[in-house]
Amino acid sequence: MVDFNRARKMMVETQLRTSNVTDRRLLAVMGQVPRERFVPARRKELAYIDEVHPLETRGAPRYLSAPAPFAKLLQLAEVKTADKVLDLGCGSGYSAAVLAGLAASVVAVESDAELVVRARDTLAELNIGNVSVIESPVETGAPQMGPFDVIIVEGAVDAVPETLFAQLSEGGRIVALLRSGATAIAHLYVKSGTEVAGRAEFNASLPPLQPQKRADSFVF
């Protein structure tokens with residue numbers, strides 16, 4: 001029988017801290033959120049390994065990201081306690097649960113109807129009440145519920161669409177992985193007035209949220 005509390009602590013110490021994740025609030029939250037509740041039952045005992053997890057949907061393959069690259073992306077966003085966060089591609093809800101412990105409120109967008117139900121149910125079971133999970137195309141965001149202080153894009157994209165920049169508040173941040181050949185580079189975008197400035201930060205890898213295909217500006 002796996003001791004999940006111990007496994008969670010080991011994840012923080014051996015995966016997050018060794019990957020230069022130093023944000024104390026983030027480390028504390030990821031040391032508390034029960035990741036095992038967000039993976040398929042047959043993989044529950046493997047919940048804290050340093051790998052992605054297939055989420056076993058009836059539709060397109062979907063995945064839960066490995067802990068370290070996910071944490072590094074969140075650390076880059078510098079989520080504050082008063083922030084309103086848009087989580088794009090929340091999958092089974094783990095990312096939204098972590099963000100809920102960092103921010104004032106979270107709007108989690110998921111395009112897979114089965115995962116939307118699963119995320120809502122698990123978050124409710126954990127009494128996490130500051131997250132709204134909505135079913136919508138990920139690339140659309142949630143313009144009717146913005147503006148947002150932080151937008152997390154949980155998948156590699158060719159370019160961040162203008163529609164997301166328009167959903168940022170003043171000083172708002174977007175973190176996203178931009179594909180560059182076979183690799184992806186984490187970028188941080190900050191909005192100031194009508195301008196958005198972006199910069200590359202580090203190489204990273206997150207699983208695709210949808211089968212990769214060419215689109216005008218936004219592809220998972």
# chains A, B, ... in the order shown; residues from 1 in each chain; ligands from 1
>>> closest_atom_pairs(of="stretch 55-169 of chain A", to="stretch 7-27 of chain A", cutoff="12 Å", atoms="only C-alpha atoms", output="CSV")
residue,atom,partner,partner_atom,distance
A:Ala66,CA,A:Gln15,CA,9.5
A:Pro67,CA,A:Leu16,CA,7.2
A:Ala68,CA,A:Leu16,CA,5.2
A:Pro69,CA,A:Ser19,CA,8.4
A:Phe70,CA,A:Leu16,CA,9.5
A:Ala71,CA,A:Val21,CA,6.8
A:Lys72,CA,A:Val21,CA,6.0
A:Leu73,CA,A:Val21,CA,9.6
A:Leu74,CA,A:Leu26,CA,8.0
A:Gln75,CA,A:Asp23,CA,6.6
A:Leu76,CA,A:Val21,CA,9.5
A:Ala77,CA,A:Asp23,CA,10.9
A:Glu78,CA,A:Asp23,CA,8.6
A:Val79,CA,A:Leu26,CA,8.9
A:Lys80,CA,A:Arg25,CA,9.5
A:Thr81,CA,A:Arg25,CA,9.8
A:Ser95,CA,A:Leu26,CA,11.7
A:Ala97,CA,A:Leu26,CA,11.7
A:Val98,CA,A:Leu26,CA,8.0
A:Leu99,CA,A:Leu26,CA,8.8
A:Ala100,CA,A:Leu26,CA,10.9
A:Gly101,CA,A:Leu26,CA,8.4
A:Leu102,CA,A:Leu26,CA,7.1
A:Ala103,CA,A:Arg25,CA,10.6
>>> residues_around(residues="A:Leu126", least_positions_apart="6", cutoff="10 Å", atoms="only C-alpha atoms", output="list in words")
Val33, Pro34, Arg37 and Ala97 of chain A
>>> closest_residue(among="A:Val157, A:Leu168, A:Val2, A:Leu46", to="A:Gly193", atoms="only C-alpha atoms")
A:Leu168
>>> closest_residue(among="A:Phe38, A:Phe165, A:Phe148, A:Phe202", to="A:Leu177", atoms="only C-alpha atoms")
A:Phe202
>>> select_by_dssp(residues="stretch 18-210 of chain A", states="strand (DSSP E)", output="number ranges by chain")
A: 53-54, 63-64, 84-88, 105-110, 131-135, 148-157, 168-180, 183-192, 195-204
>>> write_last_selection(atoms="C-alpha atoms", output="PDB file, in the first residue's frame")
ATOM      1  CA  HIS A  53      -0.277  10.015 -16.966  1.00  0.00           C
ATOM      2  CA  PRO A  54      -2.773   9.085 -19.706  1.00  0.00           C
ATOM      3  CA  TYR A  63      -2.596  13.473 -20.210  1.00  0.00           C
ATOM      4  CA  LEU A  64      -1.703  14.773 -16.763  1.00  0.00           C
ATOM      5  CA  LYS A  84      -7.943  35.501 -10.860  1.00  0.00           C
ATOM      6  CA  VAL A  85      -6.504  32.686 -12.984  1.00  0.00           C
ATOM      7  CA  LEU A  86      -7.560  31.117 -16.279  1.00  0.00           C
ATOM      8  CA  ASP A  87      -6.375  27.508 -16.551  1.00  0.00           C
ATOM      9  CA  LEU A  88      -6.530  26.348 -20.176  1.00  0.00           C
ATOM     10  CA  SER A 105     -10.253  32.143  -7.960  1.00  0.00           C
ATOM     11  CA  VAL A 106      -9.712  29.879 -10.962  1.00  0.00           C
ATOM     12  CA  VAL A 107     -11.648  29.402 -14.192  1.00  0.00           C
ATOM     13  CA  ALA A 108     -10.618  26.043 -15.630  1.00  0.00           C
ATOM     14  CA  VAL A 109     -11.364  25.372 -19.305  1.00  0.00           C
ATOM     15  CA  GLU A 110     -11.548  21.858 -20.713  1.00  0.00           C
ATOM     16  CA  VAL A 131     -12.747  26.846  -9.103  1.00  0.00           C
ATOM     17  CA  SER A 132     -15.252  26.972 -11.957  1.00  0.00           C
ATOM     18  CA  VAL A 133     -14.759  24.251 -14.586  1.00  0.00           C
ATOM     19  CA  ILE A 134     -16.312  25.034 -17.953  1.00  0.00           C
ATOM     20  CA  GLU A 135     -16.544  23.026 -21.160  1.00  0.00           C
ATOM     21  CA  PHE A 148      -7.665  37.474 -15.721  1.00  0.00           C
ATOM     22  CA  ASP A 149      -4.482  38.261 -13.835  1.00  0.00           C
ATOM     23  CA  VAL A 150      -2.847  35.017 -14.969  1.00  0.00           C
ATOM     24  CA  ILE A 151      -3.484  32.660 -17.899  1.00  0.00           C
ATOM     25  CA  ILE A 152      -1.839  29.233 -17.868  1.00  0.00           C
ATOM     26  CA  VAL A 153      -1.616  27.425 -21.224  1.00  0.00           C
ATOM     27  CA  GLU A 154      -0.976  23.757 -20.469  1.00  0.00           C
ATOM     28  CA  GLY A 155       0.334  22.568 -23.804  1.00  0.00           C
ATOM     29  CA  ALA A 156       2.731  23.519 -26.583  1.00  0.00           C
ATOM     30  CA  VAL A 157       1.470  26.108 -29.063  1.00  0.00           C
ATOM     31  CA  LEU A 168      -5.604  39.779 -19.563  1.00  0.00           C
ATOM     32  CA  SER A 169      -5.980  42.489 -16.952  1.00  0.00           C
ATOM     33  CA  GLU A 170      -3.432  45.294 -16.632  1.00  0.00           C
ATOM     34  CA  GLY A 171      -0.166  43.709 -15.524  1.00  0.00           C
ATOM     35  CA  GLY A 172      -1.584  40.270 -16.312  1.00  0.00           C
ATOM     36  CA  ARG A 173       0.670  37.348 -17.280  1.00  0.00           C
ATOM     37  CA  ILE A 174       0.405  34.480 -19.724  1.00  0.00           C
ATOM     38  CA  VAL A 175       2.721  31.489 -19.490  1.00  0.00           C
ATOM     39  CA  ALA A 176       2.877  29.167 -22.490  1.00  0.00           C
ATOM     40  CA  LEU A 177       5.170  26.745 -24.273  1.00  0.00           C
ATOM     41  CA  LEU A 178       6.052  27.751 -27.822  1.00  0.00           C
ATOM     42  CA  ARG A 179       7.097  24.969 -30.133  1.00  0.00           C
ATOM     43  CA  SER A 180      10.502  25.313 -31.744  1.00  0.00           C
ATOM     44  CA  THR A 183      11.473  21.207 -28.516  1.00  0.00           C
ATOM     45  CA  ALA A 184       9.313  23.716 -26.678  1.00  0.00           C
ATOM     46  CA  ILE A 185      10.361  26.833 -24.811  1.00  0.00           C
ATOM     47  CA  ALA A 186       8.435  28.338 -21.903  1.00  0.00           C
ATOM     48  CA  HIS A 187       7.556  31.987 -22.483  1.00  0.00           C
ATOM     49  CA  LEU A 188       6.222  34.639 -20.150  1.00  0.00           C
ATOM     50  CA  TYR A 189       4.030  37.441 -21.534  1.00  0.00           C
ATOM     51  CA  VAL A 190       3.148  40.549 -19.507  1.00  0.00           C
ATOM     52  CA  LYS A 191       0.474  43.082 -20.444  1.00  0.00           C
ATOM     53  CA  SER A 192       1.117  46.804 -19.954  1.00  0.00           C
ATOM     54  CA  GLU A 195       1.116  46.291 -25.262  1.00  0.00           C
ATOM     55  CA  VAL A 196       2.132  42.727 -24.426  1.00  0.00           C
ATOM     56  CA  ALA A 197       5.821  41.905 -24.066  1.00  0.00           C
ATOM     57  CA  GLY A 198       7.101  38.327 -24.096  1.00  0.00           C
ATOM     58  CA  ARG A 199      10.388  36.654 -23.294  1.00  0.00           C
ATOM     59  CA  ALA A 200      11.761  33.113 -23.483  1.00  0.00           C
ATOM     60  CA  GLU A 201      12.658  31.487 -20.169  1.00  0.00           C
ATOM     61  CA  PHE A 202      13.531  27.772 -20.346  1.00  0.00           C
ATOM     62  CA  ASN A 203      13.105  24.577 -22.336  1.00  0.00           C
ATOM     63  CA  ALA A 204      10.220  22.430 -21.156  1.00  0.00           C
TER      64      ALA A 204
END
>>> select_by_dssp(residues="stretch 40-164 of chain A", states="helix (DSSP H, G or I)", output="PyMOL selection string")
chain A and resi 41-46+67-77+94-100+113-125+138-140+143-145+162-164
>>> closest_residue(among="A:Ala47, A:Val29, A:Val39, A:Ile128", to="A:Phe4", atoms="only C-alpha atoms")
A:Ala47
>>> atom_distance(atom1="atom CA of A:Asp3", atom2="atom CA of A:Glu45")
9.0 Å
>>> atom_distance(atom1="atom CA of A:Pro147", atom2="atom CA of A:Val116")
22.0 Å
>>> atom_distance(atom1="atom CA of A:Ile49", atom2="atom CA of A:Asn130")
27.7 Å
